[in-house]
Amino acid sequence: MNKKNDYIQKVIDIALKRNHGEPEFHQAAAEVLESLRPVIEKHPEFEKNAILERIIEPERQIAFRVPWQDDSGRIHINRGFRIQFNSALGPYKGGIRFHPSVYSGIIKFLGFEQIFKNSLTGLMMGGAKGGSDFDPKGKSDSEVMRFCQSFMNELYRYIGADTDVPAGDIGVGGREVGYMFGQWKKLTKLFNGILTGKGLDFGGSLARTEATGYGCVYFCEEMLKDRKESFAGKTVVISGSGNVAIYAHEKATQLGAKVVAMSDSNGVIYDKHGVNLETVKCIKEVERKRIKVCSEHHSTTKYIEGCSNIWNIECDIALPCATQNELDEKGAKELVKNGCIAVAEGANMPSTPEAVKIFLKSGICYGPGKAANAGGVATSGLEMAQNSQRLSWTFEEVDKKLHQIMVDIYKSVKQAAEEYKTPGNLVNGANIAGFMKVARAMMAQGLV
Ligand code: NDP
């Protein structure tokens, strides 16, 4: 293709130029845009209406100061973000991340991915993401509460049950959502579904905590079924030991698999008899300690320093559930060499572009994050529906709907990959299926 007339390359260049020093966003944008080549050929109206130039530019970006005091009275200043990326399909929706690595590029890549992920769920949700470079690790509950209150003191101006509904992500779980909800209520006098992932006593949905991990396993199960395979009797490794990783372990185990390894940002625990889930839950959800502590409770559990070592462990199925770019080319080669048959991403963009190439070339089942981890936001959508109706559904009802949504996402992603002549390439399938609905809605809503 003549580079001068290459619309896709032109838009990638705009993304690079306009978002200087934000490599994670460049990576996410380039992947989606490259997948859309055949779509643009078939639909010249998208180029004529500058849909791609519009979709890579957030509708609104908010950055703000978050001052707070620690327990000794010292003052700290963090930076908060909310990037409202695209509202073609509904109110903005997407999590909030508290992690020292957070800056505009991370929030932008996550918000961009969220547009297509939310579209895939079939629910009415636009894409957004927020967060702060605050590190909740090692902070007392009071410090976390004061930070969350200060964060909400600014954020409340931009969100609302029909405008923008944030949720959790790395470093933001039930505790943080509760503190932010309390402050929202105090500032606005309103009690409505402004955040998802709330406690069950005040509007949270059953199965939301489990949803991303369960959903990832449901998606993987569909990929495996197509190869006449299942989780039963398989060996699984799961990176991370947070919300997504824990419930991926729970569901994979329920389906008859054995999870032999998990990790945190320091290292890996390995147990050939299976990692004890109750111990992991207690250490991570209650005590908020390091994963290494698991090896002090079980003599068969070994601790290995260095988180990337998890990909050297032999397994049938790998579920990266920690963070972006945690699985590189070397890790991907190791997995394929050791006979891994499926990779489903619980985390957002955990595989580097080089790792993704290895998976696609090898022909193993590969489920990209924006499809495989969409169960979390889908169940947040179900929480919003329950809040609007002032009703609570049972765990079984929500789980059944989640399961069906994941089956439907797999079908639509697989079908889009086939329709655009790259059968089995679920990266293309997810990007195309997610994009088509958003693009059609943007066209119908005019130049806004
Ligand atoms: P949590 O904060 O609950 O857990 C994150 C886990 O990942 C922690 O165990 C953390 O360890 C670990 N971790 C971080 N960096 C690394 C690394 N380099 N190698 C190994 N482990 C690491 O976050 P979530 O479980 O909620 O989120 C995990 C991923 O899933 C993120 O990419 C998130 O965007 C994505 N996601 C989450 C959804 C949700 O509903 N929560 C929905 C969709 C996607 P440590 O304690 O050392 O930092």
# chains A, B, ... in the order shown; residues from 1 in each chain; ligands from 1

$ residues_near_ligand --ligand "ligand 1" --cutoff "7 Å" --atoms "only C-alpha atoms and all ligand atoms" --output "number ranges by chain"
A: 168-173, 211-212, 239-245, 263-266, 290, 307-308, 321-324, 326, 346-348, 350, 373-374, 376-377

$ select_by_dssp --residues "stretch 228-402 of chain A" --states "strand (DSSP E or B)" --output "JSON, numbers by chain"
{"A": [235, 236, 237, 238, 239, 258, 259, 260, 261, 262, 263, 267, 268, 269, 270, 302, 303, 304, 305, 317, 318, 319, 320, 327, 342, 343, 344, 351, 365, 366, 367]}

$ closest_residue --among "A:Asp133, A:Glu210, A:Glu22, A:Asp164" --to "A:Phe85" --atoms "only C-alpha atoms"
A:Asp164

$ residues_around --residues "A:Lys129" --least-positions-apart "2" --cutoff "6 Å" --atoms "only C-alpha atoms" --output "MDAnalysis selection string"
chainID A and resid 82:83 94:95 107 111

$ write_last_selection --atoms "all heavy atoms" --output "short mmCIF file (atom, residue, chain, number, x, y, z; two decimals), in the first residue's frame"
data_model
loop_
_atom_site.label_atom_id
_atom_site.label_comp_id
_atom_site.auth_asym_id
_atom_site.auth_seq_id
_atom_site.Cartn_x
_atom_site.Cartn_y
_atom_site.Cartn_z
N ARG A 82 -9.58 11.20 34.92
CA ARG A 82 -10.73 10.50 34.34
C ARG A 82 -10.72 10.83 32.86
O ARG A 82 -10.76 12.02 32.49
CB ARG A 82 -12.06 10.95 35.00
CG ARG A 82 -13.27 10.13 34.55
CD ARG A 82 -13.26 8.72 35.11
NE ARG A 82 -14.39 7.91 34.65
CZ ARG A 82 -14.44 6.58 34.76
NH1 ARG A 82 -13.44 5.91 35.32
NH2 ARG A 82 -15.49 5.90 34.33
N ILE A 83 -10.63 9.80 32.04
CA ILE A 83 -10.66 10.03 30.60
C ILE A 83 -11.95 9.43 30.06
O ILE A 83 -12.16 8.21 30.09
CB ILE A 83 -9.41 9.44 29.91
CG1 ILE A 83 -8.16 10.16 30.47
CG2 ILE A 83 -9.51 9.60 28.39
CD1 ILE A 83 -6.88 9.96 29.72
N GLY A 94 -16.14 2.43 33.06
CA GLY A 94 -14.78 1.89 33.11
C GLY A 94 -14.19 2.13 34.48
O GLY A 94 -14.62 3.04 35.19
N GLY A 95 -13.22 1.31 34.84
CA GLY A 95 -12.72 1.29 36.21
C GLY A 95 -11.82 2.44 36.59
O GLY A 95 -11.50 3.32 35.78
N ILE A 107 -3.97 5.46 31.54
CA ILE A 107 -5.43 5.65 31.61
C ILE A 107 -6.01 5.74 30.19
O ILE A 107 -7.10 5.22 29.92
CB ILE A 107 -5.78 6.92 32.43
CG1 ILE A 107 -5.21 6.79 33.85
CG2 ILE A 107 -7.29 7.15 32.48
CD1 ILE A 107 -5.72 5.62 34.66
N GLY A 111 -8.79 3.30 28.71
CA GLY A 111 -10.06 3.89 28.27
C GLY A 111 -10.37 3.54 26.83
O GLY A 111 -11.52 3.27 26.47
#

$ residues_around --residues "stretch 221-227 of chain A" --least-positions-apart "2" --cutoff "9 Å" --atoms "only C-alpha atoms" --output "MDAnalysis selection string"
chainID A and resid 216:219 229:231 341:342 365:367 406:407 410:411

$ write_last_selection --atoms "N, CA, C and O atoms" --output "PDB file, in the first residue's frame"
ATOM      1  N   CYS A 216     -13.497 -14.790  32.301  1.00  0.00           N
ATOM      2  CA  CYS A 216     -12.300 -15.154  31.529  1.00  0.00           C
ATOM      3  C   CYS A 216     -12.255 -16.676  31.314  1.00  0.00           C
ATOM      4  O   CYS A 216     -11.946 -17.158  30.218  1.00  0.00           O
ATOM      5  N   VAL A 217     -12.610 -17.405  32.363  1.00  0.00           N
ATOM      6  CA  VAL A 217     -12.612 -18.872  32.253  1.00  0.00           C
ATOM      7  C   VAL A 217     -13.756 -19.333  31.334  1.00  0.00           C
ATOM      8  O   VAL A 217     -13.587 -20.248  30.517  1.00  0.00           O
ATOM      9  N   TYR A 218     -14.923 -18.678  31.422  1.00  0.00           N
ATOM     10  CA  TYR A 218     -16.026 -19.040  30.518  1.00  0.00           C
ATOM     11  C   TYR A 218     -15.622 -18.826  29.059  1.00  0.00           C
ATOM     12  O   TYR A 218     -15.930 -19.621  28.181  1.00  0.00           O
ATOM     13  N   PHE A 219     -14.914 -17.698  28.818  1.00  0.00           N
ATOM     14  CA  PHE A 219     -14.475 -17.408  27.447  1.00  0.00           C
ATOM     15  C   PHE A 219     -13.491 -18.486  26.975  1.00  0.00           C
ATOM     16  O   PHE A 219     -13.588 -19.016  25.866  1.00  0.00           O
ATOM     17  N   GLU A 229     -11.864 -29.687  23.496  1.00  0.00           N
ATOM     18  CA  GLU A 229     -11.105 -29.748  24.741  1.00  0.00           C
ATOM     19  C   GLU A 229     -11.928 -29.119  25.847  1.00  0.00           C
ATOM     20  O   GLU A 229     -12.957 -28.486  25.587  1.00  0.00           O
ATOM     21  N   SER A 230     -11.455 -29.263  27.104  1.00  0.00           N
ATOM     22  CA  SER A 230     -12.145 -28.622  28.229  1.00  0.00           C
ATOM     23  C   SER A 230     -11.128 -28.347  29.341  1.00  0.00           C
ATOM     24  O   SER A 230      -9.954 -28.694  29.197  1.00  0.00           O
ATOM     25  N   PHE A 231     -11.591 -27.741  30.445  1.00  0.00           N
ATOM     26  CA  PHE A 231     -10.690 -27.485  31.577  1.00  0.00           C
ATOM     27  C   PHE A 231     -10.399 -28.772  32.371  1.00  0.00           C
ATOM     28  O   PHE A 231      -9.416 -28.822  33.106  1.00  0.00           O
ATOM     29  N   ILE A 341      -1.875 -24.995  25.388  1.00  0.00           N
ATOM     30  CA  ILE A 341      -2.824 -25.025  24.265  1.00  0.00           C
ATOM     31  C   ILE A 341      -3.757 -23.815  24.248  1.00  0.00           C
ATOM     32  O   ILE A 341      -4.444 -23.568  23.254  1.00  0.00           O
ATOM     33  N   ALA A 342      -3.796 -23.047  25.339  1.00  0.00           N
ATOM     34  CA  ALA A 342      -4.712 -21.893  25.355  1.00  0.00           C
ATOM     35  C   ALA A 342      -4.207 -20.792  26.281  1.00  0.00           C
ATOM     36  O   ALA A 342      -3.699 -21.065  27.375  1.00  0.00           O
ATOM     37  N   CYS A 365      -5.054 -21.561  21.031  1.00  0.00           N
ATOM     38  CA  CYS A 365      -6.200 -20.680  21.279  1.00  0.00           C
ATOM     39  C   CYS A 365      -5.682 -19.434  21.990  1.00  0.00           C
ATOM     40  O   CYS A 365      -4.989 -19.551  23.014  1.00  0.00           O
ATOM     41  N   TYR A 366      -6.033 -18.271  21.464  1.00  0.00           N
ATOM     42  CA  TYR A 366      -5.576 -17.036  22.118  1.00  0.00           C
ATOM     43  C   TYR A 366      -6.737 -16.054  22.232  1.00  0.00           C
ATOM     44  O   TYR A 366      -7.267 -15.585  21.218  1.00  0.00           O
ATOM     45  N   GLY A 367      -7.158 -15.767  23.463  1.00  0.00           N
ATOM     46  CA  GLY A 367      -8.292 -14.869  23.708  1.00  0.00           C
ATOM     47  C   GLY A 367      -7.799 -13.539  24.246  1.00  0.00           C
ATOM     48  O   GLY A 367      -7.334 -13.460  25.390  1.00  0.00           O
ATOM     49  N   MET A 406     -20.628 -14.117  27.933  1.00  0.00           N
ATOM     50  CA  MET A 406     -19.295 -14.552  27.487  1.00  0.00           C
ATOM     51  C   MET A 406     -19.401 -15.492  26.288  1.00  0.00           C
ATOM     52  O   MET A 406     -18.585 -15.425  25.364  1.00  0.00           O
ATOM     53  N   VAL A 407     -20.416 -16.365  26.299  1.00  0.00           N
ATOM     54  CA  VAL A 407     -20.622 -17.264  25.155  1.00  0.00           C
ATOM     55  C   VAL A 407     -20.933 -16.423  23.903  1.00  0.00           C
ATOM     56  O   VAL A 407     -20.378 -16.652  22.818  1.00  0.00           O
ATOM     57  N   TYR A 410     -17.856 -14.621  22.593  1.00  0.00           N
ATOM     58  CA  TYR A 410     -16.985 -15.537  21.839  1.00  0.00           C
ATOM     59  C   TYR A 410     -17.526 -15.750  20.424  1.00  0.00           C
ATOM     60  O   TYR A 410     -16.789 -15.672  19.440  1.00  0.00           O
ATOM     61  N   LYS A 411     -18.846 -15.965  20.352  1.00  0.00           N
ATOM     62  CA  LYS A 411     -19.464 -16.217  19.027  1.00  0.00           C
ATOM     63  C   LYS A 411     -19.254 -15.014  18.107  1.00  0.00           C
ATOM     64  O   LYS A 411     -18.883 -15.168  16.943  1.00  0.00           O
TER      65      LYS A 411
END

$ closest_residue --among "A:Gly446, A:Gly331, A:Pro353, A:Gly215" --to "A:Glu31" --atoms "only C-alpha atoms"
A:Pro353

$ select_by_dssp --residues "stretch 319-424 of chain A" --states "alpha helix (DSSP H)" --output "PyMOL selection string"
chain A and resi 329-337+353-362+369-372+375-389+395-419

$ residues_around --residues "A:Glu383" --least-positions-apart "3" --cutoff "9 Å" --atoms "only C-alpha atoms" --output "PyMOL selection string"
chain A and resi 193+196-198+203-206+208+378-380+386-388+392

$ write_last_selection --atoms "C-alpha atoms" --output "short mmCIF file (atom, residue, chain, number, x, y, z; two decimals), in the first residue's frame"
data_model
loop_
_atom_site.label_atom_id
_atom_site.label_comp_id
_atom_site.auth_asym_id
_atom_site.auth_seq_id
_atom_site.Cartn_x
_atom_site.Cartn_y
_atom_site.Cartn_z
CA GLY A 193 -25.83 3.65 41.10
CA THR A 196 -20.28 -0.40 40.46
CA GLY A 197 -18.52 -3.00 42.57
CA LYS A 198 -20.34 -1.63 45.61
CA GLY A 203 -26.54 -1.71 45.92
CA GLY A 204 -23.75 -4.03 44.85
CA SER A 205 -24.48 -7.02 42.64
CA LEU A 206 -23.93 -10.61 43.64
CA ARG A 208 -19.60 -8.84 40.53
CA ALA A 378 -20.70 -6.77 31.71
CA THR A 379 -21.63 -7.59 35.30
CA SER A 380 -21.14 -3.93 36.22
CA GLN A 386 -30.47 -3.78 39.18
CA ASN A 387 -29.82 -0.34 40.72
CA SER A 388 -32.18 1.33 38.22
CA SER A 392 -31.27 -7.45 43.55
#

$ closest_residue --among "A:Lys10, A:Lys370, A:His76, A:His20" --to "A:Lys117" --atoms "only C-alpha atoms"
A:Lys370

$ closest_residue --among "A:Ala207, A:Met124, A:Cys220, A:Tyr158" --to "A:Ala385" --atoms "only C-alpha atoms"
A:Met124

$ atom_distance --atom1 "atom CA of A:Gly21" --atom2 "atom CA of A:Gly127"
22.2 Å
